[in-house]
file query.cif (mmCIF, C-alpha atoms and all ligand atoms)
data_protein
#
loop_
_atom_site.label_atom_id
_atom_site.label_comp_id
_atom_site.auth_asym_id
_atom_site.auth_seq_id
_atom_site.Cartn_x
_atom_site.Cartn_y
_atom_site.Cartn_z
CA HIS A 303 27.35 33.91 -52.04
CA ALA A 304 27.74 31.82 -48.93
CA LYS A 305 26.13 34.59 -46.94
CA ALA A 306 23.17 34.81 -49.32
CA SER A 307 22.48 31.07 -49.22
CA GLY A 308 22.85 31.16 -45.47
CA ARG A 309 20.21 33.84 -45.30
CA ARG A 310 17.94 31.85 -47.58
CA GLN A 311 18.33 28.81 -45.36
CA ALA A 312 17.60 30.91 -42.31
CA GLN A 313 14.40 32.11 -43.95
CA TYR A 314 13.24 28.58 -44.64
CA PHE A 315 14.18 27.65 -41.14
CA ASN A 316 12.13 30.50 -39.70
CA LYS A 317 9.19 29.64 -41.86
CA ASP A 318 9.35 26.05 -40.62
CA ILE A 319 9.61 27.09 -37.02
CA SER A 320 6.68 29.44 -37.28
CA ALA A 321 4.49 26.82 -38.95
CA THR A 322 5.35 24.36 -36.19
CA ALA A 323 4.88 26.99 -33.52
CA LYS A 324 1.50 27.88 -34.96
CA ALA A 325 0.39 24.26 -35.01
CA ARG A 326 1.57 23.81 -31.45
CA PHE A 327 -0.16 26.97 -30.32
CA LEU A 328 -3.39 25.79 -31.90
CA LEU A 329 -3.08 22.35 -30.35
CA GLU A 330 -2.31 23.81 -26.93
CA GLY A 331 -5.46 25.90 -27.12
CA GLN A 332 -7.46 22.83 -28.06
CA LEU A 333 -5.93 20.84 -25.22
CA LEU A 334 -6.77 23.61 -22.76
CA ALA A 335 -10.34 23.59 -24.06
CA ALA A 336 -10.50 19.81 -23.76
CA ILE A 337 -9.38 20.03 -20.14
CA GLU A 338 -11.79 22.85 -19.35
CA GLN A 339 -14.70 21.09 -21.03
CA SER A 340 -13.88 17.75 -19.40
CA ALA A 341 -13.35 16.22 -22.82
CA LEU A 342 -10.39 14.03 -21.87
CA SER A 343 -11.04 10.41 -21.09
CA VAL A 344 -9.43 7.72 -19.02
CA VAL A 345 -8.74 4.06 -19.76
CA TYR A 346 -7.89 1.44 -17.17
CA GLN A 347 -5.13 -1.15 -17.45
CA PRO A 348 -5.45 -4.13 -15.10
CA ILE A 349 -2.63 -4.82 -12.64
CA LEU A 350 -2.37 -8.47 -11.63
CA ALA A 351 -1.15 -10.23 -8.52
CA GLY A 352 2.15 -12.08 -8.92
CA ASP A 353 0.23 -15.22 -9.89
CA GLY A 354 -0.78 -13.49 -13.13
CA ARG A 355 -4.42 -14.48 -12.55
CA ARG A 356 -6.17 -12.09 -10.22
CA ILE A 357 -6.76 -8.45 -11.11
CA VAL A 358 -5.86 -6.55 -7.95
CA GLY A 359 -5.54 -3.04 -9.28
CA ALA A 360 -5.79 -0.76 -12.28
CA GLU A 361 -3.75 2.08 -13.69
CA ALA A 362 -5.68 5.07 -15.03
CA LEU A 363 -4.21 6.36 -18.30
CA VAL A 364 -5.37 9.57 -19.94
CA ARG A 365 -6.60 9.71 -23.55
CA TRP A 366 -7.52 12.60 -25.82
CA GLN A 367 -9.93 12.16 -28.69
CA HIS A 368 -9.03 15.07 -30.93
CA GLU A 369 -11.75 16.35 -33.30
CA THR A 370 -9.68 16.08 -36.46
CA LEU A 371 -6.47 14.27 -35.48
CA GLY A 372 -8.33 11.40 -33.84
CA PHE A 373 -7.14 9.44 -30.87
CA MET A 374 -3.97 10.97 -29.46
CA SER A 375 -1.67 9.05 -27.16
CA PRO A 376 -0.04 10.61 -24.09
CA ALA A 377 3.34 10.49 -25.88
CA GLU A 378 1.89 12.92 -28.42
CA PHE A 379 0.12 15.42 -26.21
CA LEU A 380 1.69 15.26 -22.74
CA PRO A 381 4.87 17.10 -23.87
CA LEU A 382 2.58 19.85 -25.11
CA ALA A 383 0.72 19.96 -21.83
CA TYR A 384 4.04 20.18 -19.98
CA ASP A 385 5.24 23.09 -22.13
CA ALA A 386 1.96 24.92 -21.78
CA GLY A 387 1.91 24.46 -18.00
CA LEU A 388 -1.29 22.43 -18.22
CA MET A 389 -0.15 19.26 -16.45
CA ALA A 390 -1.59 20.08 -13.04
CA ALA A 391 -4.98 20.87 -14.59
CA LEU A 392 -4.83 17.67 -16.63
CA ASP A 393 -3.97 15.57 -13.59
CA GLN A 394 -6.81 17.15 -11.62
CA GLN A 395 -9.20 16.28 -14.45
CA VAL A 396 -8.01 12.66 -14.47
CA LEU A 397 -8.33 12.42 -10.68
CA GLU A 398 -11.89 13.66 -10.90
CA ILE A 399 -12.83 11.22 -13.67
CA VAL A 400 -11.33 8.35 -11.66
CA CYS A 401 -13.18 9.30 -8.45
CA ARG A 402 -16.42 9.60 -10.41
CA ASP A 403 -15.84 6.19 -12.01
CA ILE A 404 -15.11 4.59 -8.62
CA GLN A 405 -18.30 6.09 -7.19
CA HIS A 406 -20.21 4.85 -10.24
CA ALA A 407 -18.82 1.32 -9.76
CA MET A 408 -19.77 1.27 -6.09
CA ALA A 409 -23.29 2.51 -6.86
CA LYS A 410 -23.73 -0.35 -9.35
CA GLY A 411 -22.29 -2.94 -6.95
CA LEU A 412 -19.38 -3.58 -9.29
CA ALA A 413 -15.93 -4.64 -8.18
CA MET A 414 -13.37 -1.88 -8.55
CA PRO A 415 -9.88 -2.49 -7.24
CA PRO A 416 -7.66 0.43 -6.14
CA VAL A 417 -6.89 2.72 -9.08
CA ALA A 418 -3.42 4.19 -9.58
CA VAL A 419 -3.29 7.70 -11.05
CA ASN A 420 -0.13 9.17 -12.59
CA LEU A 421 0.84 12.58 -11.29
CA SER A 422 3.21 15.03 -12.93
CA ALA A 423 5.93 16.78 -10.94
CA ASP A 424 3.83 19.97 -11.14
CA SER A 425 0.97 18.27 -9.31
CA ILE A 426 2.96 16.58 -6.59
CA MET A 427 5.02 19.73 -5.90
CA ASP A 428 1.85 21.78 -5.39
CA PRO A 429 1.24 22.05 -1.64
CA ARG A 430 -2.51 22.36 -2.30
CA LEU A 431 -2.65 18.83 -3.76
CA PRO A 432 -3.71 17.02 -0.56
CA ASP A 433 -6.61 19.45 0.00
CA ARG A 434 -7.73 19.11 -3.60
CA ILE A 435 -7.65 15.33 -3.40
CA TRP A 436 -9.44 15.38 -0.05
CA ALA A 437 -12.19 17.49 -1.62
CA LEU A 438 -12.59 14.98 -4.46
CA LEU A 439 -12.75 12.05 -2.04
CA GLN A 440 -15.50 13.85 -0.11
CA GLN A 441 -17.42 14.88 -3.22
CA TYR A 442 -17.47 11.37 -4.69
CA ARG A 443 -17.56 9.47 -1.38
CA VAL A 444 -14.40 7.59 -2.24
CA GLU A 445 -12.05 6.16 0.40
CA GLY A 446 -8.37 7.04 0.21
CA GLU A 447 -7.64 3.29 0.09
CA GLN A 448 -9.31 3.17 -3.34
CA LEU A 449 -6.68 5.51 -4.80
CA GLU A 450 -2.97 5.15 -5.46
CA LEU A 451 -0.65 7.76 -6.90
CA GLU A 452 2.35 7.20 -9.18
CA VAL A 453 5.17 9.68 -9.52
CA ILE A 454 8.42 9.36 -11.41
CA GLU A 455 11.56 9.09 -9.33
CA ASP A 456 13.03 12.44 -10.45
CA VAL A 457 10.39 14.08 -8.28
CA ILE A 458 12.11 12.89 -5.10
CA LYS A 459 15.64 13.89 -6.02
CA GLY A 460 15.43 17.35 -4.49
CA ASP A 461 15.07 17.49 -0.73
CA SER A 462 12.06 19.47 0.28
CA GLN A 463 10.05 19.54 3.46
CA ALA A 464 7.02 20.64 1.44
CA LEU A 465 7.10 17.44 -0.63
CA ARG A 466 7.53 15.38 2.51
CA ASN A 467 4.48 17.04 4.07
CA THR A 468 2.41 16.45 0.95
CA LEU A 469 3.32 12.77 0.80
CA GLU A 470 2.59 12.29 4.48
CA GLU A 471 -0.81 13.97 4.22
CA LEU A 472 -1.71 11.72 1.31
CA VAL A 473 -0.65 8.62 3.23
CA LYS A 474 -2.79 9.75 6.19
CA MET A 475 -5.78 9.69 3.85
CA GLY A 476 -5.04 6.03 3.13
CA ILE A 477 -3.59 6.68 -0.33
CA LYS A 478 -0.67 4.46 -1.40
CA LEU A 479 2.29 5.95 -3.24
CA SER A 480 4.39 4.35 -6.00
CA ILE A 481 7.53 5.33 -7.85
CA ASP A 482 6.90 4.97 -11.58
CA ASP A 483 9.44 4.07 -14.28
CA PHE A 484 11.92 3.14 -11.59
CA GLY A 485 15.48 2.93 -12.83
CA THR A 486 15.11 5.47 -15.65
CA GLY A 487 15.65 8.59 -13.55
CA TYR A 488 17.66 9.70 -10.60
CA SER A 489 16.69 9.02 -7.03
CA SER A 490 18.72 8.90 -3.92
CA LEU A 491 18.34 5.54 -2.24
CA PHE A 492 18.47 7.31 1.08
CA ARG A 493 15.48 9.46 0.16
CA LEU A 494 13.67 6.47 -1.24
CA LYS A 495 14.02 4.85 2.15
CA SER A 496 12.93 7.87 4.13
CA LEU A 497 9.85 8.80 2.07
CA PRO A 498 6.52 6.96 2.46
CA PHE A 499 6.44 5.09 -0.86
CA THR A 500 5.28 1.48 -0.82
CA LYS A 501 5.79 0.32 -4.42
CA LEU A 502 8.36 0.54 -7.19
CA LYS A 503 7.26 0.09 -10.79
CA ILE A 504 10.00 -1.30 -13.01
CA ASP A 505 10.05 0.52 -16.32
CA ARG A 506 9.17 -1.35 -19.48
CA SER A 507 12.59 -0.64 -20.95
CA PHE A 508 14.06 -3.07 -18.40
CA THR A 509 11.43 -5.79 -18.70
CA ASN A 510 11.14 -5.74 -22.51
CA ASP A 511 13.89 -8.24 -23.19
CA LEU A 512 13.58 -10.44 -20.12
CA PRO A 513 14.77 -13.11 -19.72
CA HIS A 514 17.09 -13.08 -22.77
CA ASP A 515 19.02 -9.90 -22.10
CA ALA A 516 21.58 -10.43 -19.35
CA ASP A 517 21.79 -6.71 -18.49
CA ASP A 518 18.03 -6.43 -18.11
CA CYS A 519 18.01 -9.50 -15.88
CA ALA A 520 20.73 -7.99 -13.71
CA ILE A 521 18.95 -4.63 -13.45
CA THR A 522 15.59 -6.21 -12.65
CA LEU A 523 17.13 -8.50 -10.05
CA SER A 524 18.87 -5.60 -8.38
CA ILE A 525 15.62 -3.59 -8.25
CA LEU A 526 13.81 -6.59 -6.75
CA GLY A 527 16.59 -7.04 -4.19
CA LEU A 528 16.64 -3.35 -3.30
CA ALA A 529 12.86 -3.30 -2.90
CA LYS A 530 12.91 -6.35 -0.68
CA GLY A 531 15.61 -4.83 1.50
CA LEU A 532 13.62 -1.60 1.87
CA GLY A 533 10.30 -3.37 2.40
CA LEU A 534 8.80 -2.12 -0.87
CA GLN A 535 6.61 -4.05 -3.31
CA VAL A 536 7.45 -4.28 -6.99
CA VAL A 537 5.23 -3.97 -10.06
CA ALA A 538 6.75 -5.12 -13.37
CA GLU A 539 5.43 -3.09 -16.31
CA GLY A 540 5.34 -4.18 -19.93
CA VAL A 541 4.82 -7.91 -19.40
CA GLU A 542 3.92 -9.23 -22.83
CA SER A 543 5.12 -12.83 -22.99
CA GLN A 544 4.95 -16.10 -21.11
CA ALA A 545 8.74 -16.11 -20.83
CA GLN A 546 8.78 -12.71 -19.14
CA GLU A 547 6.00 -13.74 -16.79
CA SER A 548 7.67 -17.00 -15.77
CA TRP A 549 10.98 -15.33 -15.10
CA LEU A 550 9.40 -12.53 -13.04
CA GLN A 551 7.31 -15.02 -11.07
CA HIS A 552 10.36 -17.09 -10.35
CA GLN A 553 12.07 -13.98 -8.96
CA GLY A 554 9.10 -13.26 -6.71
CA CYS A 555 7.81 -10.09 -8.36
CA ASP A 556 4.71 -8.88 -6.45
CA TYR A 557 2.59 -7.48 -9.28
CA LEU A 558 2.46 -7.81 -13.07
CA GLN A 559 1.11 -5.39 -15.65
CA GLY A 560 1.25 -5.56 -19.43
CA PHE A 561 -0.34 -6.52 -22.71
CA LYS A 562 -0.02 -10.23 -21.83
CA TYR A 563 -2.93 -9.68 -19.46
CA SER A 564 -4.67 -6.73 -20.95
CA ARG A 565 -4.32 -3.50 -22.85
CA PRO A 566 -5.79 -0.41 -21.23
CA LEU A 567 -9.60 -0.81 -21.31
CA SER A 568 -12.61 1.46 -21.32
CA LEU A 569 -14.41 1.50 -17.98
CA ALA A 570 -17.16 -0.77 -19.31
CA GLU A 571 -14.63 -3.28 -20.68
CA PHE A 572 -12.73 -3.16 -17.41
CA TRP A 573 -15.87 -3.97 -15.42
CA GLN A 574 -16.61 -6.82 -17.77
CA ARG A 575 -13.16 -8.26 -17.05
CA MET A 576 -13.62 -7.84 -13.30
CA GLY A 577 -17.06 -9.40 -13.00
CA PRO A 578 -19.44 -8.40 -10.21
CA ALA A 579 -18.17 -7.53 -6.74
CA ARG A 580 -17.52 -10.67 -4.71
CA GLY A 581 -20.34 -10.03 -2.25
CA MET A 582 -22.79 -9.88 -5.16
CA ALA A 583 -21.42 -12.95 -6.96
CA GLU A 584 -21.87 -15.11 -3.88
CA ARG A 585 -25.51 -14.22 -3.54
P1 LIG B 601 3.34 4.86 -17.44
O1 LIG B 601 2.71 5.49 -16.26
O2 LIG B 601 4.62 4.14 -17.24
O3 LIG B 601 2.20 3.91 -18.03
C1 LIG B 601 2.45 2.69 -18.70
C2 LIG B 601 2.42 2.89 -20.20
O4 LIG B 601 2.87 1.66 -20.81
C3 LIG B 601 1.04 3.14 -20.77
O5 LIG B 601 1.22 3.93 -21.95
C4 LIG B 601 0.58 1.73 -21.16
O6 LIG B 601 -0.42 1.72 -22.15
C5 LIG B 601 1.87 1.16 -21.66
N1 LIG B 601 1.92 -0.31 -21.55
C6 LIG B 601 1.39 -1.08 -20.58
N2 LIG B 601 1.69 -2.38 -20.77
C7 LIG B 601 2.43 -2.45 -21.90
C8 LIG B 601 3.04 -3.54 -22.62
O7 LIG B 601 2.96 -4.71 -22.25
N3 LIG B 601 3.74 -3.22 -23.75
C9 LIG B 601 3.83 -1.93 -24.19
N4 LIG B 601 4.52 -1.71 -25.31
N5 LIG B 601 3.28 -0.88 -23.53
C10 LIG B 601 2.57 -1.13 -22.39
P2 LIG B 601 0.38 5.24 -22.22
O8 LIG B 601 -1.04 5.07 -21.81
O9 LIG B 601 0.67 5.65 -23.63
O10 LIG B 601 1.03 6.30 -21.22
C11 LIG B 601 2.35 6.72 -21.38
C12 LIG B 601 2.80 7.57 -20.22
O11 LIG B 601 2.08 8.79 -20.15
C13 LIG B 601 2.57 6.91 -18.86
O12 LIG B 601 3.58 5.97 -18.60
C14 LIG B 601 2.61 8.10 -17.93
O13 LIG B 601 3.94 8.48 -17.65
C15 LIG B 601 1.98 9.17 -18.79
N6 LIG B 601 0.56 9.33 -18.42
C16 LIG B 601 -0.52 8.63 -18.85
N7 LIG B 601 -1.66 9.07 -18.29
C17 LIG B 601 -1.30 10.11 -17.47
C18 LIG B 601 -2.03 11.01 -16.59
O14 LIG B 601 -3.26 10.94 -16.41
N8 LIG B 601 -1.29 11.96 -15.92
C19 LIG B 601 0.06 12.03 -16.06
N9 LIG B 601 0.71 12.99 -15.37
N10 LIG B 601 0.77 11.23 -16.87
C20 LIG B 601 0.10 10.25 -17.56
MG MG B 602 2.30 4.96 -14.42
MG MG B 603 5.63 3.37 -15.75
MG MG B 604 6.57 4.20 -18.65
#

call {"tool": "encode", "arguments": {"input": "query.cif", "output": "C-alpha cells"}}
result
Amino acid sequence: HAKASGRRQAQYFNKDISATAKARFLLEGQLLAAIEQSALSVVYQPILAGDGRRIVGAEALVRWQHETLGFMSPAEFLPLAYDAGLMAALDQQVLEIVCRDIQHAMAKGLAMPPVAVNLSADSIMDPRLPDRIWALLQQYRVEGEQLELEVIEDVIKGDSQALRNTLEELVKMGIKLSIDDFGTGYSSLFRLKSLPFTKLKIDRSFTNDLPHDADDCAITLSILGLAKGLGLQVVAEGVESQAQESWLQHQGCDYLQGFKYSRPLSLAEFWQRMGPARGMAER
C-alpha cells in the first residue's frame, strides 16, 4: 500500500515538474526572442552625491515587458536567463541600449551623467568583453568615462590572470569598475586591493534598517572604514528614509542611491529630472 501511494505521489510530482519545466522552456524561448529582437528595455535610477542633492550618476536596470505576463522584474527573469546561458547576450543588449541612450542624450544637448551597467559573471569572465565594449563605444561615439561597470564580489574570488587583463583593459578605456552588493558574497580583501576597482556598493540588506539595527550599523561602518583604508569610494544602496540618509551622511558615505531620491526612471523621466546640460542652461 505504501509503495502504491508512493508511486502515485511520484506521478503527481513528475506531472508538476513537467508542467513547470514546460513553462520555463516556453519562457526561456520568449526571453531569447526578446533579446534577439531587442525587446528588452532599460530604466535609470539616479545616484546622488553624498549631499543627497546632486545627481552624479545613474544605474541602468534591465526590464522585460512580457506580452501576456506584463512587466517582469529582474528577480523573476534573470534566474531563467542564467539557467539558459543567456546572461552574456542580455548584458550585451543592455550595454548597447545604454550606449545608444548616451549618444541620444549628447545629440540633444542633454545632461547625462556616467551610467553604471550591471554585468553577470559570464560577461566579465569572457575575454572578448573589452573588444565588444570598445566596438560599442566606437559605434555610438561614447567615451569610456561615460560608462561604469558593476560586478558582484563573487566574481573576484577566483584568481585569474584573464580576469585581471579584462579589468585592466576596461580601465584603460576610462571605464570605472564597482563591486556590487558588497558584503553579501565572498571576496578576498587582498584581491580587492590588487584589482582596479574604485567603488564598493553596500547592499540594501545592510542599509535597510539603518540606523536602528546595531549589527547593520557595525557592518556599514566597517565597509566604510575598509573602503577608506583601500582608497575606494562607497555607494549606499536602498536609501529610503531621512534617518538612513542622515546617518550615512554623518559617516561620510560618498554616494547615495535609493527610493528616497528616485525609483528607476524611463530615459525621458530621467532627463526631466536632470534638466538640460549645464552649458546649455547657462546660455
Ligand atoms: P542591483 O544591481 O543591486 O540593483 C539595485 C536594485 O535595488 C534594483 O532592483 C533597484 O530597483 C532596487 N532598489 C534601488 N533602490 C531601492 C530602495 O530604496 N529600496 C528598494 N526596496 N529597492 C531599491 P532591480 O531593478 O529589480 O534589479 C535587481 C537586480 O537585478 C540588480 O541588483 C542586479 O543584480 C540585477 N540586474 C538588473 N539589471 C541588470 C542587467 O542589465 N544585467 C545584469 N547582469 N544584472 C542586472
Ligand atoms: Mg547594481
Ligand atoms: Mg547592488
Ligand atoms: Mg542588490

call {"tool": "residues_near_ligand", "arguments": {"input": "query.cif", "ligand": "ligand MG 603 (chain B)", "cutoff": "8 Å", "atoms": "all atoms listed in the file", "output": "number ranges by chain"}}
result
A: 454, 482-484, 503-506, 539

call {"tool": "residues_near_point", "arguments": {"input": "query.cif", "point": "(-12.6, -5.8, -20.2)", "cutoff": "12 Å", "atoms": "only C-alpha atoms", "output": "compact mmCIF listing (two decimals) with C-alpha atoms, in the coordinates of the input"}}
result
# COMPACT_ATOMS: atom_id res chain seq x y z
CA VAL A 345 -8.74 4.06 -19.76
CA TYR A 346 -7.89 1.44 -17.17
CA GLN A 347 -5.13 -1.15 -17.45
CA PRO A 348 -5.45 -4.13 -15.10
CA ILE A 357 -6.76 -8.45 -11.11
CA ALA A 360 -5.79 -0.76 -12.28
CA TYR A 563 -2.93 -9.68 -19.46
CA SER A 564 -4.67 -6.73 -20.95
CA ARG A 565 -4.32 -3.50 -22.85
CA PRO A 566 -5.79 -0.41 -21.23
CA LEU A 567 -9.60 -0.81 -21.31
CA SER A 568 -12.61 1.46 -21.32
CA LEU A 569 -14.41 1.50 -17.98
CA ALA A 570 -17.16 -0.77 -19.31
CA GLU A 571 -14.63 -3.28 -20.68
CA PHE A 572 -12.73 -3.16 -17.41
CA TRP A 573 -15.87 -3.97 -15.42
CA GLN A 574 -16.61 -6.82 -17.77
CA ARG A 575 -13.16 -8.26 -17.05
CA MET A 576 -13.62 -7.84 -13.30
CA GLY A 577 -17.06 -9.40 -13.00

call {"tool": "closest_atom_pairs", "arguments": {"input": "query.cif", "of": "segment 416-502 of chain A", "to": "segment 550-558 of chain A", "cutoff": "12 Å", "atoms": "only C-alpha atoms", "output": "CSV"}}
result
residue,atom,partner,partner_atom,distance
A:Thr500,CA,A:Asp556,CA,11.8
A:Lys501,CA,A:Asp556,CA,9.5
A:Leu502,CA,A:Tyr557,CA,10.1

call {"tool": "write_last_selection", "arguments": {"input": "query.cif", "atoms": "C-alpha atoms", "output": "PDB file, in the frame of the given file"}}
result
ATOM      1  CA  THR A 500       5.280   1.480  -0.820  1.00  0.00           C
ATOM      2  CA  LYS A 501       5.790   0.320  -4.420  1.00  0.00           C
ATOM      3  CA  LEU A 502       8.360   0.540  -7.190  1.00  0.00           C
TER       4      LEU A 502
END

call {"tool": "residues_around", "arguments": {"input": "query.cif", "residues": "Asp393 of chain A", "least_positions_apart": "5", "cutoff": "12 Å", "atoms": "all atoms listed in the file", "output": "ChimeraX atom specification"}}
result
/A:337,340,342-344,362-365,380,383-384,387-388,398-400,419-426,428,431,434-435,451-453

call {"tool": "closest_residue", "arguments": {"input": "query.cif", "among": "A:Glu361, A:Glu450, A:Glu470, A:Glu445", "to": "ligand MG 604 (chain B)", "atoms": "only C-alpha atoms and all ligand atoms"}}
result
A:Glu361

call {"tool": "atom_distance", "arguments": {"input": "query.cif", "atom1": "atom CA of Gln448 of chain A", "atom2": "atom C11 of ligand LIG 601 (chain B)"}}
result
21.8 Å

call {"tool": "closest_residue", "arguments": {"input": "query.cif", "among": "A:Gln535, A:Ser524, A:Ser320, A:Ser507", "to": "ligand MG 604 (chain B)", "atoms": "only C-alpha atoms and all ligand atoms"}}
result
A:Ser507

call {"tool": "closest_residue", "arguments": {"input": "query.cif", "among": "A:Pro432, A:Gly359, A:Gly331, A:Pro376", "to": "ligand MG 604 (chain B)", "atoms": "all atoms listed in the file"}}
result
A:Pro376

call {"tool": "closest_residue", "arguments": {"input": "query.cif", "among": "A:Leu439, A:Val537, A:Ala391, A:Ala335", "to": "ligand MG 604 (chain B)", "atoms": "all atoms listed in the file"}}
result
A:Val537

call {"tool": "atom_distance", "arguments": {"input": "query.cif", "atom1": "atom CA of Glu542 of chain A", "atom2": "atom CA of Asp403 of chain A"}}
result
27.3 Å

call {"tool": "atom_distance", "arguments": {"input": "query.cif", "atom1": "atom CA of Leu465 of chain A", "atom2": "atom CA of Pro429 of chain A"}}
result
7.5 Å

call {"tool": "closest_residue", "arguments": {"input": "query.cif", "among": "A:Ile349, A:Val358, A:Phe327, A:Gly476", "to": "ligand MG 602 (chain B)", "atoms": "only C-alpha atoms and all ligand atoms"}}
result
A:Ile349

call {"tool": "closest_residue", "arguments": {"input": "query.cif", "among": "A:Met414, A:Leu528, A:Leu371, A:Leu438", "to": "Arg402 of chain A", "atoms": "all atoms listed in the file"}}
result
A:Leu438

call {"tool": "residues_around", "arguments": {"input": "query.cif", "residues": "Leu497 of chain A", "least_positions_apart": "5", "cutoff": "12 Å", "atoms": "only C-alpha atoms", "output": "CSV table (one decimal) with C-alpha atoms, in the coordinates of the input"}}
result
chain,number,residue,atom,x,y,z
A,455,GLU,CA,11.6,9.1,-9.3
A,457,VAL,CA,10.4,14.1,-8.3
A,458,ILE,CA,12.1,12.9,-5.1
A,459,LYS,CA,15.6,13.9,-6.0
A,461,ASP,CA,15.1,17.5,-0.7
A,462,SER,CA,12.1,19.5,0.3
A,463,GLN,CA,10.0,19.5,3.5
A,465,LEU,CA,7.1,17.4,-0.6
A,466,ARG,CA,7.5,15.4,2.5
A,467,ASN,CA,4.5,17.0,4.1
A,468,THR,CA,2.4,16.4,1.0
A,469,LEU,CA,3.3,12.8,0.8
A,470,GLU,CA,2.6,12.3,4.5
A,472,LEU,CA,-1.7,11.7,1.3
A,473,VAL,CA,-0.6,8.6,3.2
A,478,LYS,CA,-0.7,4.5,-1.4
A,479,LEU,CA,2.3,6.0,-3.2
A,480,SER,CA,4.4,4.4,-6.0
A,481,ILE,CA,7.5,5.3,-7.8
A,489,SER,CA,16.7,9.0,-7.0
A,490,SER,CA,18.7,8.9,-3.9
A,491,LEU,CA,18.3,5.5,-2.2
A,492,PHE,CA,18.5,7.3,1.1
A,532,LEU,CA,13.6,-1.6,1.9
A,534,LEU,CA,8.8,-2.1,-0.9
